[in-house]
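**Q** Just one file: work-v2.tsv, with TSV, C-alpha atoms.
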chain	number	residue	atom	x	y	z
A	838	MET	CA	165.86	97.13	87.81
A	839	ASN	CA	165.94	100.93	87.79
A	840	ARG	CA	162.92	103.05	88.64
A	841	ARG	CA	162.09	104.09	85.07
A	842	THR	CA	162.32	100.57	83.64
A	843	GLY	CA	160.20	99.14	86.42
A	844	LEU	CA	157.61	101.88	85.86
A	845	VAL	CA	157.14	101.31	82.17
A	846	ALA	CA	157.06	97.52	82.33
A	847	PRO	CA	155.48	96.81	79.02
A	848	LEU	CA	151.86	97.65	78.36
A	849	ALA	CA	151.29	93.96	77.88
A	850	LEU	CA	151.69	93.59	81.65
A	851	ALA	CA	149.17	96.39	82.26
A	852	LEU	CA	146.83	94.60	79.88
A	853	ALA	CA	147.25	91.34	81.77
A	854	VAL	CA	146.35	93.05	85.04
A	855	VAL	CA	143.28	94.78	83.58
A	856	LEU	CA	141.93	92.06	81.32
A	857	MET	CA	142.66	88.95	83.39
A	858	ALA	CA	141.12	90.62	86.41
A	859	GLY	CA	137.90	90.97	84.43
A	860	GLY	CA	137.15	94.09	86.46
A	861	CYS	CA	137.96	97.07	84.26
A	862	SER	CA	137.21	100.48	85.72
A	863	ARG	CA	133.58	100.88	86.53
A	864	GLY	CA	132.94	104.54	85.73
A	865	ASP	CA	129.26	105.40	86.24
A	866	ASP	CA	127.85	101.96	85.55
A	867	PRO	CA	127.69	98.80	87.67
A	868	PRO	CA	129.70	95.78	86.54
A	869	PRO	CA	127.94	93.10	84.50
A	870	ALA	CA	125.63	90.75	86.37
A	871	GLY	CA	127.52	88.51	88.74
A	872	GLY	CA	130.18	91.13	89.48
A	873	ALA	CA	133.75	91.38	88.29
A	874	ALA	CA	135.87	88.27	88.24
A	875	ALA	CA	138.51	87.89	90.93
A	876	PRO	CA	142.01	88.97	89.89
A	877	SER	CA	144.03	86.21	88.30
A	878	THR	CA	147.13	85.02	90.09
A	879	ALA	CA	148.51	83.20	87.07
A	880	ALA	CA	152.06	84.16	86.15
A	881	PRO	CA	152.62	85.75	82.70
A	882	ALA	CA	153.26	83.17	80.03
A	883	SER	CA	156.96	82.64	79.44
A	884	SER	CA	158.57	82.73	76.02
A	885	ALA	CA	159.04	78.98	76.32
A	886	SER	CA	155.33	78.48	75.74
A	887	ALA	CA	155.79	79.41	72.11
A	888	ALA	CA	158.66	76.95	71.57
A	889	PRO	CA	158.15	73.71	69.63
A	890	THR	CA	156.89	70.84	71.76
A	891	THR	CA	157.09	67.11	71.28
A	892	THR	CA	154.17	64.71	71.61
A	893	ALA	CA	154.77	61.01	71.05
A	894	GLY	CA	157.96	61.81	69.18
A	895	THR	CA	156.25	64.30	66.81
A	896	ALA	CA	157.36	67.93	66.86
A	897	THR	CA	154.53	70.47	66.96
A	898	THR	CA	154.63	74.28	66.97
A	899	ALA	CA	152.44	76.41	69.22
A	900	ARG	CA	149.88	78.51	67.32
A	901	LYS	CA	150.87	82.14	66.95
A	902	PRO	CA	148.36	84.68	68.31
A	903	ASP	CA	146.23	86.54	65.80
A	904	PRO	CA	147.64	89.97	64.88
A	905	VAL	CA	146.08	93.04	66.49
A	906	ARG	CA	143.87	94.86	63.98
A	907	TYR	CA	142.83	98.52	64.23
A	908	ARG	CA	139.73	100.31	62.96
A	909	PHE	CA	138.97	103.99	62.38
A	910	PRO	CA	136.79	105.03	65.37
A	911	VAL	CA	134.11	106.87	63.35
A	912	ALA	CA	131.92	104.59	61.21
A	913	GLY	CA	129.42	105.48	58.50
A	914	CYS	CA	130.39	109.17	58.29
A	915	ARG	CA	133.26	111.33	57.18
A	916	ALA	CA	135.32	112.89	59.94
A	917	SER	CA	137.96	115.62	59.96
A	918	TYR	CA	140.57	116.28	62.63
A	919	ALA	CA	143.74	118.28	63.15
A	920	ASN	CA	147.25	117.16	64.05
A	921	ALA	CA	147.15	119.21	67.26
A	922	HIS	CA	144.80	119.67	70.21
A	923	HIS	CA	144.52	122.39	72.84
A	924	ASP	CA	146.27	121.94	76.20
A	925	TYR	CA	146.94	118.17	75.97
A	926	PRO	CA	147.29	115.42	73.32
A	927	ALA	CA	144.00	114.21	71.76
A	928	ALA	CA	142.01	114.55	68.53
A	929	ASP	CA	138.70	116.34	68.02
A	930	MET	CA	137.04	114.43	65.18
A	931	PHE	CA	134.36	116.65	63.65
A	932	THR	CA	131.50	114.79	62.03
A	933	ARG	CA	127.67	114.64	62.03
A	934	ARG	CA	125.40	114.09	65.00
A	935	ASN	CA	124.51	110.44	65.66
A	936	CYS	CA	127.39	109.04	63.62
A	937	THR	CA	128.80	105.93	65.27
A	938	PHE	CA	131.76	105.72	67.61
A	939	VAL	CA	133.23	102.21	67.27
A	940	ALA	CA	135.92	100.28	69.12
A	941	PRO	CA	139.25	100.98	67.40
A	942	VAL	CA	140.56	97.59	68.52
A	943	ALA	CA	139.28	94.47	70.24
A	944	GLY	CA	139.35	94.63	74.02
A	945	ARG	CA	137.26	95.21	77.11
A	946	VAL	CA	135.16	98.25	78.05
A	947	ASP	CA	136.84	100.21	80.84
A	948	GLU	CA	134.87	103.25	82.08
A	949	VAL	CA	131.43	104.45	80.96
A	950	THR	CA	129.69	107.77	81.64
A	951	ARG	CA	126.04	107.95	80.57
A	952	THR	CA	125.13	111.22	82.30
A	953	ASP	CA	126.29	114.65	81.12
A	954	ARG	CA	127.26	116.57	84.28
A	955	TRP	CA	129.19	119.41	82.67
A	956	ASP	CA	128.35	122.90	83.94
A	957	PRO	CA	129.93	125.85	82.11
A	958	ALA	CA	129.91	127.82	85.35
A	959	THR	CA	132.39	125.42	86.96
A	960	ASN	CA	133.95	123.77	83.87
A	961	ARG	CA	135.27	120.90	85.97
A	962	GLY	CA	137.82	118.84	84.09
A	963	ALA	CA	136.25	115.59	85.26
A	964	ASP	CA	132.95	116.58	83.59
A	965	ARG	CA	134.19	118.08	80.33
A	966	GLY	CA	133.86	114.83	78.39
A	967	GLY	CA	130.11	114.54	78.95
A	968	ARG	CA	128.94	111.08	77.91
A	969	SER	CA	131.85	108.79	77.16
A	970	VAL	CA	133.25	105.28	76.79
A	971	SER	CA	136.81	104.05	77.25
A	972	LEU	CA	138.19	100.60	76.55
A	973	VAL	CA	141.45	98.79	77.14
A	974	GLY	CA	142.53	97.09	73.94
A	975	VAL	CA	144.17	93.72	73.51
A	976	ASP	CA	147.32	95.74	72.81
A	977	GLY	CA	147.30	97.07	76.40
A	978	VAL	CA	146.46	100.64	75.32
A	979	ARG	CA	143.39	102.56	76.53
A	980	TYR	CA	141.16	104.34	74.00
A	981	TYR	CA	138.59	106.98	74.93
A	982	GLY	CA	135.71	108.60	73.06
A	983	SER	CA	133.68	111.43	74.60
A	984	HIS	CA	131.09	114.15	73.85
A	985	LEU	CA	128.72	111.35	72.87
A	986	GLU	CA	125.04	111.90	72.20
A	987	ALA	CA	124.42	108.52	73.82
A	988	VAL	CA	126.17	105.38	74.96
A	989	LEU	CA	124.63	102.35	73.27
A	990	PRO	CA	122.52	99.91	75.34
A	991	GLY	CA	124.53	97.05	76.79
A	992	VAL	CA	127.84	98.91	76.69
A	993	ALA	CA	129.09	98.58	80.27
A	994	PRO	CA	132.40	98.10	82.09
A	995	GLY	CA	133.78	94.60	81.56
A	996	LEU	CA	132.05	94.03	78.20
A	997	ARG	CA	134.33	92.36	75.68
A	998	VAL	CA	134.17	94.01	72.26
A	999	ARG	CA	135.60	93.36	68.82
A	1000	ALA	CA	137.33	95.94	66.62
A	1001	GLY	CA	134.68	98.02	64.87
A	1002	GLN	CA	131.90	97.21	67.36
A	1003	PRO	CA	129.57	100.20	67.92
A	1004	LEU	CA	129.89	101.82	71.35
A	1005	GLY	CA	127.97	105.09	71.11
A	1006	ARG	CA	126.45	107.85	68.98
A	1007	ILE	CA	128.50	111.00	68.49
A	1008	GLY	CA	127.12	114.34	69.67
A	1009	ASN	CA	128.25	117.40	71.61
A	1010	SER	CA	127.73	116.58	75.29
A	1011	GLY	CA	130.02	117.99	77.96
A	1012	SER	CA	132.13	121.02	77.03
A	1013	ALA	CA	131.35	120.38	73.34
A	1014	ARG	CA	127.88	121.81	74.08
A	1015	VAL	CA	129.29	125.17	72.97
A	1016	THR	CA	131.12	123.81	69.90
A	1017	ASP	CA	130.33	121.82	66.78
A	1018	VAL	CA	129.48	118.13	67.02
A	1019	HIS	CA	132.61	116.04	67.37
A	1020	LEU	CA	134.18	112.98	68.96
A	1021	HIS	CA	137.00	113.64	71.40
A	1022	PHE	CA	139.31	110.67	70.77
A	1023	ALA	CA	142.21	109.91	73.08
A	1024	ILE	CA	144.97	107.37	73.63
A	1025	SER	CA	146.58	106.61	76.99
A	1026	TRP	CA	147.81	103.88	79.30
A	1027	PRO	CA	145.29	102.14	81.62
A	1028	THR	CA	144.86	103.53	85.14
A	1029	ARG	CA	142.65	102.92	88.13
A	1030	PRO	CA	139.12	104.41	87.88
A	1031	GLY	CA	138.64	108.16	87.81
A	1032	ILE	CA	142.06	109.30	86.57
A	1033	TRP	CA	140.39	111.41	83.90
A	1034	TRP	CA	143.41	113.67	83.20
A	1035	VAL	CA	145.32	110.64	81.87
A	1036	ARG	CA	142.28	109.08	80.21
A	1037	ARG	CA	141.61	112.26	78.17
A	1038	GLY	CA	144.86	111.75	76.23
A	1039	VAL	CA	148.64	111.41	76.51
A	1040	VAL	CA	149.67	110.59	72.92
A	1041	PRO	CA	148.60	112.55	69.79
A	1042	PRO	CA	146.28	110.23	67.83
A	1043	ALA	CA	146.41	111.88	64.37
A	1044	ARG	CA	149.09	109.68	62.78
A	1045	TYR	CA	147.29	106.53	63.92
A	1046	LEU	CA	143.94	107.81	62.69
A	1047	ASP	CA	145.56	108.58	59.31
A	1048	SER	CA	146.75	104.99	59.11
A	1049	TRP	CA	143.52	103.34	60.23
A	1050	ARG	CA	141.36	105.43	57.92
A	1051	THR	CA	143.20	104.08	54.87
A	1052	GLY	CA	143.24	100.47	56.08
A	1053	GLY	CA	146.66	100.64	57.73
A	1054	ASN	CA	147.54	99.08	61.06
A	1055	LEU	CA	149.92	101.48	62.78
A	1056	SER	CA	150.09	100.71	66.51
A	1057	PRO	CA	150.44	103.32	69.29
A	1058	VAL	CA	151.91	100.83	71.78
A	1059	LYS	CA	155.51	102.11	71.63
A	1060	ALA	CA	154.42	105.75	71.79
A	1061	VAL	CA	152.30	105.07	74.87
A	1062	GLN	CA	155.18	103.24	76.54
A	1063	ALA	CA	157.44	106.22	75.85
A	1064	ALA	CA	154.85	108.66	77.20
A	1065	LEU	CA	154.50	106.64	80.40
A	1066	GLU	CA	158.25	106.61	80.90
A	1067	ALA	CA	158.44	110.36	80.29
A	1068	ALA	CA	155.59	111.00	82.75
A	1069	GLY	CA	157.54	109.28	85.53
A	1070	SER	CA	154.37	107.85	87.08
A	1071	PRO	CA	151.21	106.06	85.94
A	1072	VAL	CA	149.28	108.86	87.70
A	1073	PRO	CA	151.12	112.11	86.96
A	1074	ALA	CA	149.84	115.44	88.28
A	1075	CYS	CA	146.94	117.07	86.43
A	1076	ARG	CA	148.07	120.22	84.61
A	1077	SER	CA	145.01	121.67	82.87
A	1078	TYR	CA	141.31	122.02	83.74
A	1079	CYS	CA	142.14	120.64	87.17
Would you mind writing the structure in this file as structure tokens?

**A**
Amino acid sequence: MNRRTGLVAPLALALAVVLMAGGCSRGDDPPPAGGAAAPSTAAPASSASAAPTTTAGTATTARKPDPVRYRFPVAGCRASYANAHHDYPAADMFTRRNCTFVAPVAGRVDEVTRTDRWDPATNRGADRGGRSVSLVGVDGVRYYGSHLEAVLPGVAPGLRVRAGQPLGRIGNSGSARVTDVHLHFAISWPTRPGIWWVRRGVVPPARYLDSWRTGGNLSPVKAVQAALEAAGSPVPACRSYC
């Protein structure tokens, strides 16, 4: 196996590590009561598990998994966004204050920041998002929404969510304090806690948002895999607002 192939190793594997461990990144909140589950040591399911099986001479077929479904991340309000974003790939989705940020796909909450620590005098990259929520979807991709007015009660690392489930109210916390109200929406691969320069976005979201807004189901999985391979490391060097 060469270095690049071993590095990319499908996002499904990253998902297995994050979701089966039950201990997604903690961010600013403690894990749910009882603590995170111990990492699973179960081997990934082989393709043979989907093959027909025989019981008492009767052939049966394993049930296919439900398809991944995507949802537009702003609910109850209109939102506008551009095809480009300053300095790194992401989408600024301009809408009204207190509109709802929802999970774009089913998955598990990853990192949560409930306190706005941004200071314009320092403009630290780690604080620019203000209040935020990220989640790792069942597709193995991480989704991030920031500049929130508030994170909803009960939204904490490790929480399992369905597509379309409310996560927060949109505002202008963090560096958006000096701009119009908007949701910073980003797509990336999962990382260990605190790797904010990856979490803030590695793949332009606009084409996926266009699809989801009209009821489509375009997946970013292949684009995220390609971005990871191009980066050469799951934790590449920070290049802006560092």

**Q** With only C-alpha atoms as the basis for distance, which of A:Asn920, A:Ser1012, A:Thr937, A:Ser971 is at the shortest distance from A:Arg954?

**A** A:Ser1012

**Q** Could you list, as a compact mmCIF listing (two decimals) with C-alpha atoms, keeping the file's coordinate frame, every residue within 9 Å of A:Ala912, counting all atoms listed in the file and ignoring same-chain residues fewer than 2 positions away?

**A**
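Output (result29.txt):
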# COMPACT_ATOMS: atom_id res chain seq x y z
CA PHE A 909 138.97 103.99 62.38
CA PRO A 910 136.79 105.03 65.37
CA CYS A 914 130.39 109.17 58.29
CA ARG A 915 133.26 111.33 57.18
CA CYS A 936 127.39 109.04 63.62
CA THR A 937 128.80 105.93 65.27
CA PHE A 938 131.76 105.72 67.61
CA VAL A 939 133.23 102.21 67.27
CA GLY A 1001 134.68 98.02 64.87
CA PRO A 1003 129.57 100.20 67.92

**Q** Between atom CA of A:Leu1020 and atom CA of A:Ala928, what distance in Å does the model show, to one decimal?

**A**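 About the pair atom CA of A:Leu1020 and atom CA of A:Ala928: they are 8.0 Å apart.
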
**Q** So which residues touch A:Arg933 within 8 Å, counting all atoms listed in the file, skipping near sequence neighbours fewer than 6 positions away, as a PyMOL selection string?

**A** chain A and resi 914+1007-1008+1018-1019

**Q** Report, in Å with one decimal, the straight-line distance from atom CA of A:Val1015 to atom CA of A:Pro1042.

**A**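 Atom CA of A:Val1015 sits 23.2 Å away from atom CA of A:Pro1042.
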
**Q** Figure out the distance between atom CA of A:Tyr981 and atom CA of A:Asp924, please, to one decimal in Å.

**A** 16.9 Å

**Q** Extract, using all atoms listed in the file, all DNA, RNA and protein residues at most 7 Å from A:Val978, discarding same-chain residues fewer than 6 positions from it, and format them as a PyMOL selection string.

**A** chain A and resi 848+1025-1027+1058

**Q** Next, write the just-selected residues to a file, as a short mmCIF file (atom, residue, chain, number, x, y, z; two decimals), in the coordinates of the input, keeping C-alpha atoms as the atom set.

**A**
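out_32.cif, written as the output of this step:
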data_model
loop_
_atom_site.label_atom_id
_atom_site.label_comp_id
_atom_site.auth_asym_id
_atom_site.auth_seq_id
_atom_site.Cartn_x
_atom_site.Cartn_y
_atom_site.Cartn_z
CA LEU A 848 151.86 97.65 78.36
CA SER A 1025 146.58 106.61 76.99
CA TRP A 1026 147.81 103.88 79.30
CA PRO A 1027 145.29 102.14 81.62
CA VAL A 1058 151.91 100.83 71.78
#

**Q** Give the answer as one residue: which of A:Gly1031, A:Pro1073, A:Pro941, A:Pro926 has the shortest atom-to-atom distance to A:Tyr980, using all atoms listed in the file?

**A** A:Pro941

**Q** Excluding A:Pro957 and residues on its chain fewer than 5 positions from it, collect all residues at most 12 Å away from it, counting all atoms listed in the file, and give them as a VMD selection string.

**A** chain A and resid 962 964 to 965 967 1010 to 1015

**Q** Output C-alpha atoms of each residue in that selection to a file, as a CSV table (one decimal), keeping the file's coordinate frame.

**A**
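So out22.csv came out as:
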chain,number,residue,atom,x,y,z
A,962,GLY,CA,137.8,118.8,84.1
A,964,ASP,CA,133.0,116.6,83.6
A,965,ARG,CA,134.2,118.1,80.3
A,967,GLY,CA,130.1,114.5,79.0
A,1010,SER,CA,127.7,116.6,75.3
A,1011,GLY,CA,130.0,118.0,78.0
A,1012,SER,CA,132.1,121.0,77.0
A,1013,ALA,CA,131.4,120.4,73.3
A,1014,ARG,CA,127.9,121.8,74.1
A,1015,VAL,CA,129.3,125.2,73.0

**Q** Restricting the calculation to all atoms listed in the file, which member of A:Asp1017, A:Asp947, A:Glu986, A:Asp903 is positioned closest to A:Val998?

**A**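 Among the listed residues, the smallest separation from A:Val998 belongs to A:Asp947.
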
**Q** Just checking: using all atoms listed in the file, which residue out of A:Ala921, A:Ala927, A:Leu996, A:Val1039 ends up closest to A:Ala1064?

**A** A:Val1039

**Q** Which one is closest to A:His984: A:Ala1000, A:Leu972, A:Leu1065, A:Ala1023? Count all atoms listed in the file.

**A**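 When distances to A:His984 are compared using all atoms listed in the file, the smallest one comes from A:Ala1023.
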
**Q** Using all atoms listed in the file, which of the listed residues (A:Ala916, A:Ala958, A:Val942, A:Met930) sits closest to A:Leu1055?

**A**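 Nearest candidate to A:Leu1055 out of A:Ala916, A:Ala958, A:Val942, A:Met930: A:Val942.
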